[in-house]
>>> print(open('query-v2.txt').read())   # compact mmCIF, N, CA and C atoms
# COMPACT_ATOMS: atom_id res chain seq x y z
N MET D 243 214.62 164.77 94.24
CA MET D 243 214.50 164.81 92.79
C MET D 243 215.18 166.06 92.26
N ASN D 244 215.77 165.91 91.11
CA ASN D 244 216.45 167.03 90.50
C ASN D 244 215.53 167.68 89.48
N ASN D 245 215.35 168.99 89.58
CA ASN D 245 214.47 169.71 88.66
C ASN D 245 215.24 170.50 87.61
N LYS D 246 216.46 170.07 87.34
CA LYS D 246 217.27 170.72 86.31
C LYS D 246 216.63 170.49 84.95
N LEU D 247 216.71 171.50 84.09
CA LEU D 247 216.22 171.36 82.73
C LEU D 247 217.38 170.99 81.82
N LEU D 248 217.19 169.93 81.04
CA LEU D 248 218.22 169.44 80.13
C LEU D 248 217.93 169.89 78.71
N ASN D 249 218.96 170.37 78.02
CA ASN D 249 218.76 170.69 76.61
C ASN D 249 218.94 169.41 75.78
N LEU D 250 218.72 169.54 74.50
CA LEU D 250 218.76 168.37 73.61
C LEU D 250 220.11 167.67 73.65
N ASN D 251 221.20 168.43 73.59
CA ASN D 251 222.52 167.83 73.60
C ASN D 251 222.82 167.11 74.91
N GLU D 252 222.43 167.72 76.03
CA GLU D 252 222.64 167.08 77.33
C GLU D 252 221.85 165.78 77.42
N LEU D 253 220.60 165.82 76.98
CA LEU D 253 219.75 164.63 77.03
C LEU D 253 220.30 163.52 76.14
N ALA D 254 220.72 163.87 74.94
CA ALA D 254 221.30 162.86 74.04
C ALA D 254 222.55 162.25 74.65
N GLY D 255 223.37 163.08 75.30
CA GLY D 255 224.59 162.58 75.93
C GLY D 255 224.30 161.64 77.09
N ILE D 256 223.33 161.99 77.91
CA ILE D 256 222.96 161.15 79.05
C ILE D 256 222.45 159.80 78.58
N LEU D 257 221.62 159.81 77.54
CA LEU D 257 221.01 158.57 77.05
C LEU D 257 221.92 157.83 76.07
N GLY D 258 222.95 158.49 75.57
CA GLY D 258 223.87 157.84 74.64
C GLY D 258 223.27 157.59 73.27
N VAL D 259 222.42 158.51 72.83
CA VAL D 259 221.77 158.38 71.53
C VAL D 259 221.92 159.70 70.77
N SER D 260 221.53 159.69 69.51
CA SER D 260 221.63 160.89 68.69
C SER D 260 220.46 161.84 68.97
N ARG D 261 220.63 163.06 68.52
CA ARG D 261 219.56 164.06 68.66
C ARG D 261 218.30 163.62 67.90
N SER D 262 218.47 163.02 66.73
CA SER D 262 217.30 162.59 65.96
C SER D 262 216.55 161.47 66.69
N THR D 263 217.28 160.63 67.41
CA THR D 263 216.62 159.58 68.20
C THR D 263 215.77 160.20 69.30
N ILE D 264 216.28 161.25 69.94
CA ILE D 264 215.50 161.94 70.97
C ILE D 264 214.21 162.47 70.39
N TYR D 265 214.28 163.11 69.23
CA TYR D 265 213.06 163.64 68.60
C TYR D 265 212.11 162.51 68.21
N ARG D 266 212.64 161.39 67.75
CA ARG D 266 211.78 160.26 67.40
C ARG D 266 211.12 159.71 68.66
N TRP D 267 211.92 159.53 69.72
CA TRP D 267 211.37 159.02 70.98
C TRP D 267 210.36 159.98 71.59
N SER D 268 210.52 161.27 71.36
CA SER D 268 209.60 162.24 71.97
C SER D 268 208.18 162.11 71.42
N GLU D 269 208.02 161.37 70.33
CA GLU D 269 206.68 161.09 69.80
C GLU D 269 205.99 159.96 70.56
N ARG D 270 206.76 159.20 71.33
CA ARG D 270 206.20 158.08 72.08
C ARG D 270 205.47 158.60 73.31
N PRO D 271 204.35 157.97 73.67
CA PRO D 271 203.59 158.46 74.83
C PRO D 271 204.30 158.26 76.16
N ASP D 272 205.23 157.32 76.24
CA ASP D 272 205.90 157.06 77.52
C ASP D 272 207.13 157.94 77.74
N PHE D 273 207.61 158.63 76.70
CA PHE D 273 208.82 159.44 76.82
C PHE D 273 208.48 160.76 77.52
N PRO D 274 209.39 161.28 78.37
CA PRO D 274 209.12 162.55 79.06
C PRO D 274 208.77 163.66 78.07
N LYS D 275 207.80 164.46 78.44
CA LYS D 275 207.36 165.56 77.58
C LYS D 275 208.37 166.69 77.61
N LYS D 276 208.60 167.26 76.43
CA LYS D 276 209.51 168.41 76.37
C LYS D 276 208.77 169.66 76.83
N GLN D 277 209.53 170.55 77.45
CA GLN D 277 208.99 171.81 77.96
C GLN D 277 209.45 172.93 77.04
N LYS D 278 208.53 173.64 76.44
CA LYS D 278 208.88 174.75 75.56
C LYS D 278 209.23 175.96 76.44
N ILE D 279 210.45 176.45 76.30
CA ILE D 279 210.88 177.57 77.15
C ILE D 279 211.11 178.85 76.34
N GLY D 280 210.93 178.77 75.05
CA GLY D 280 211.09 179.92 74.17
C GLY D 280 210.63 179.55 72.78
N PRO D 281 210.66 180.50 71.86
CA PRO D 281 210.17 180.21 70.52
C PRO D 281 210.93 179.10 69.81
N ASN D 282 212.21 178.94 70.12
CA ASN D 282 213.02 177.91 69.47
C ASN D 282 213.77 177.05 70.46
N SER D 283 213.27 176.95 71.68
CA SER D 283 213.98 176.21 72.72
C SER D 283 213.04 175.27 73.47
N VAL D 284 213.51 174.04 73.65
CA VAL D 284 212.79 173.08 74.47
C VAL D 284 213.78 172.46 75.45
N ARG D 285 213.27 171.99 76.57
CA ARG D 285 214.07 171.33 77.59
C ARG D 285 213.26 170.17 78.15
N TRP D 286 213.97 169.24 78.78
CA TRP D 286 213.36 168.10 79.44
C TRP D 286 213.72 168.17 80.91
N LEU D 287 212.77 167.86 81.77
CA LEU D 287 213.00 167.87 83.21
C LEU D 287 213.82 166.64 83.58
N GLU D 288 214.97 166.88 84.21
CA GLU D 288 215.90 165.79 84.51
C GLU D 288 215.25 164.71 85.37
N SER D 289 214.42 165.08 86.32
CA SER D 289 213.78 164.07 87.18
C SER D 289 212.85 163.17 86.38
N GLU D 290 212.16 163.72 85.39
CA GLU D 290 211.29 162.90 84.54
C GLU D 290 212.11 161.96 83.67
N VAL D 291 213.24 162.46 83.18
CA VAL D 291 214.13 161.62 82.37
C VAL D 291 214.68 160.48 83.23
N GLU D 292 215.11 160.79 84.45
CA GLU D 292 215.63 159.75 85.36
C GLU D 292 214.57 158.69 85.64
N ASN D 293 213.33 159.12 85.87
CA ASN D 293 212.24 158.16 86.10
C ASN D 293 212.00 157.30 84.87
N TRP D 294 212.02 157.92 83.69
CA TRP D 294 211.80 157.17 82.46
C TRP D 294 212.90 156.15 82.24
N VAL D 295 214.14 156.53 82.50
CA VAL D 295 215.27 155.61 82.34
C VAL D 295 215.07 154.40 83.26
N GLN D 296 214.70 154.64 84.50
CA GLN D 296 214.51 153.55 85.46
C GLN D 296 213.36 152.62 85.05
N GLU D 297 212.30 153.21 84.50
CA GLU D 297 211.11 152.43 84.18
C GLU D 297 211.16 151.74 82.82
N PHE D 298 211.70 152.43 81.80
CA PHE D 298 211.58 151.94 80.44
C PHE D 298 212.90 151.64 79.73
N TYR D 299 213.97 152.30 80.11
CA TYR D 299 215.19 152.25 79.29
C TYR D 299 216.18 151.20 79.74
N LEU D 300 216.13 150.81 80.99
CA LEU D 300 217.09 149.82 81.50
C LEU D 300 216.71 148.41 81.14
>>> encode(input="query-v2.txt", output="structure tokens")
Amino acid sequence: MNNKLLNLNELAGILGVSRSTIYRWSERPDFPKKQKIGPNSVRWLESEVENWVQEFYL
């Protein structure tokens, strides 16, 4: 499993959606939880995103 942290732009690019879609999806209980890494920074764990894509997005 890859434990790389993805920023918003990387995540949007991987999923092929807009940044606003990521924020909307982040309200869903099945979407990977964002990790707060600073006062104005969040990241998503790549392995959780990969699992979510396999389970829900395909």
>>> select_by_dssp(input="query-v2.txt", residues="chain D", states="helix (DSSP H, G or I)", output="count of residues only")
27
>>> atom_distance(input="query-v2.txt", atom1="atom N of Val284 in chain D", atom2="atom N of Leu248 in chain D")
9.2 Å
>>> residues_around(input="query-v2.txt", residues="range 265-279 of chain D", least_positions_apart="4", cutoff="10 Å", atoms="only C-alpha atoms", output="JSON, numbers by chain")
{"D": [247, 248, 249, 250, 254, 260, 261, 283, 284, 285, 286, 287, 288, 289, 290, 291, 292, 293, 294, 295, 297, 298, 299]}
>>> atom_distance(input="query-v2.txt", atom1="CA of Pro281 in chain D", atom2="CA of Asn251 in chain D")
17.8 Å
>>> select_by_dssp(input="query-v2.txt", residues="chain D", states="strand (DSSP E)", output="list in words")
Leu247, Leu248, Gln277, Lys278, Ile279, Gly280, Ser283, Val284, Arg285, Trp286 and Leu287 of chain D
>>> atom_distance(input="query-v2.txt", atom1="atom C of Leu253 in chain D", atom2="atom N of Gly280 in chain D")
17.9 Å
>>> build_atoms(input="query-v2.txt", residues="range 275-286 of chain D", atoms="all heavy atoms", output="CSV table (one decimal), keeping the file's coordinate frame")
chain,number,residue,atom,x,y,z
D,275,LYS,N,207.8,164.5,78.4
D,275,LYS,CA,207.4,165.6,77.6
D,275,LYS,C,208.4,166.7,77.6
D,275,LYS,O,208.9,167.0,78.6
D,275,LYS,CB,206.0,166.1,78.1
D,275,LYS,CG,204.9,165.1,78.0
D,275,LYS,CD,204.6,164.6,76.6
D,275,LYS,CE,203.5,163.5,76.6
D,275,LYS,NZ,203.7,162.5,75.7
D,276,LYS,N,208.6,167.3,76.4
D,276,LYS,CA,209.5,168.4,76.4
D,276,LYS,C,208.8,169.7,76.8
D,276,LYS,O,207.6,169.8,76.7
D,276,LYS,CB,210.1,168.6,75.0
D,276,LYS,CG,209.1,168.7,73.9
D,276,LYS,CD,209.7,168.6,72.5
D,276,LYS,CE,208.7,168.5,71.4
D,276,LYS,NZ,209.2,168.1,70.2
D,277,GLN,N,209.5,170.6,77.4
D,277,GLN,CA,209.0,171.8,78.0
D,277,GLN,C,209.4,172.9,77.0
D,277,GLN,O,210.6,173.1,76.9
D,277,GLN,CB,209.5,172.1,79.4
D,277,GLN,CG,209.4,170.9,80.3
D,277,GLN,CD,208.0,170.6,80.7
D,277,GLN,OE1,207.2,171.5,81.0
D,277,GLN,NE2,207.6,169.4,80.7
D,278,LYS,N,208.5,173.6,76.4
D,278,LYS,CA,208.9,174.8,75.6
D,278,LYS,C,209.2,176.0,76.4
D,278,LYS,O,208.4,176.4,77.2
D,278,LYS,CB,207.7,175.1,74.6
D,278,LYS,CG,208.1,176.0,73.5
D,278,LYS,CD,207.0,176.0,72.5
D,278,LYS,CE,207.3,177.0,71.4
D,278,LYS,NZ,208.3,176.5,70.4
D,279,ILE,N,210.4,176.4,76.3
D,279,ILE,CA,210.9,177.6,77.2
D,279,ILE,C,211.1,178.8,76.3
D,279,ILE,O,211.4,179.9,76.9
D,279,ILE,CB,212.2,177.2,78.0
D,279,ILE,CG1,213.3,176.9,77.0
D,279,ILE,CG2,211.9,176.1,78.9
D,279,ILE,CD1,214.6,176.9,77.8
D,280,GLY,N,210.9,178.8,75.0
D,280,GLY,CA,211.1,179.9,74.2
D,280,GLY,C,210.6,179.6,72.8
D,280,GLY,O,210.3,178.4,72.5
D,281,PRO,N,210.7,180.5,71.9
D,281,PRO,CA,210.2,180.2,70.5
D,281,PRO,C,210.9,179.1,69.8
D,281,PRO,O,210.4,178.4,69.0
D,281,PRO,CB,210.3,181.5,69.8
D,281,PRO,CG,211.1,182.4,70.6
D,281,PRO,CD,211.1,181.9,72.0
D,282,ASN,N,212.2,178.9,70.1
D,282,ASN,CA,213.0,177.9,69.5
D,282,ASN,C,213.8,177.0,70.5
D,282,ASN,O,214.8,176.5,70.1
D,282,ASN,CB,214.0,178.6,68.5
D,282,ASN,CG,213.3,179.3,67.4
D,282,ASN,OD1,212.4,178.8,66.8
D,282,ASN,ND2,213.8,180.5,67.2
D,283,SER,N,213.3,177.0,71.7
D,283,SER,CA,214.0,176.2,72.7
D,283,SER,C,213.0,175.3,73.5
D,283,SER,O,212.0,175.7,73.9
D,283,SER,CB,214.6,177.2,73.7
D,283,SER,OG,215.6,178.0,73.1
D,284,VAL,N,213.5,174.0,73.6
D,284,VAL,CA,212.8,173.1,74.5
D,284,VAL,C,213.8,172.5,75.4
D,284,VAL,O,215.0,172.4,75.2
D,284,VAL,CB,212.1,172.0,73.6
D,284,VAL,CG1,211.0,172.5,72.8
D,284,VAL,CG2,213.1,171.2,72.8
D,285,ARG,N,213.3,172.0,76.6
D,285,ARG,CA,214.1,171.3,77.6
D,285,ARG,C,213.3,170.2,78.2
D,285,ARG,O,212.0,170.1,78.0
D,285,ARG,CB,214.4,172.3,78.7
D,285,ARG,CG,215.2,173.5,78.4
D,285,ARG,CD,216.6,173.2,78.0
D,285,ARG,NE,217.5,174.3,77.8
D,285,ARG,CZ,217.7,174.9,76.7
D,285,ARG,NH1,217.0,174.5,75.6
D,285,ARG,NH2,218.5,176.0,76.6
D,286,TRP,N,214.0,169.2,78.8
D,286,TRP,CA,213.4,168.1,79.4
D,286,TRP,C,213.7,168.2,80.9
D,286,TRP,O,214.9,168.5,81.3
D,286,TRP,CB,213.9,166.8,78.8
D,286,TRP,CG,213.3,166.5,77.5
D,286,TRP,CD1,212.2,165.7,77.2
D,286,TRP,CD2,213.8,167.0,76.2
D,286,TRP,NE1,212.0,165.7,75.8
D,286,TRP,CE2,213.0,166.5,75.2
D,286,TRP,CE3,214.8,167.9,75.9
D,286,TRP,CZ2,213.2,166.8,73.9
D,286,TRP,CZ3,215.0,168.1,74.5
D,286,TRP,CH2,214.2,167.6,73.5
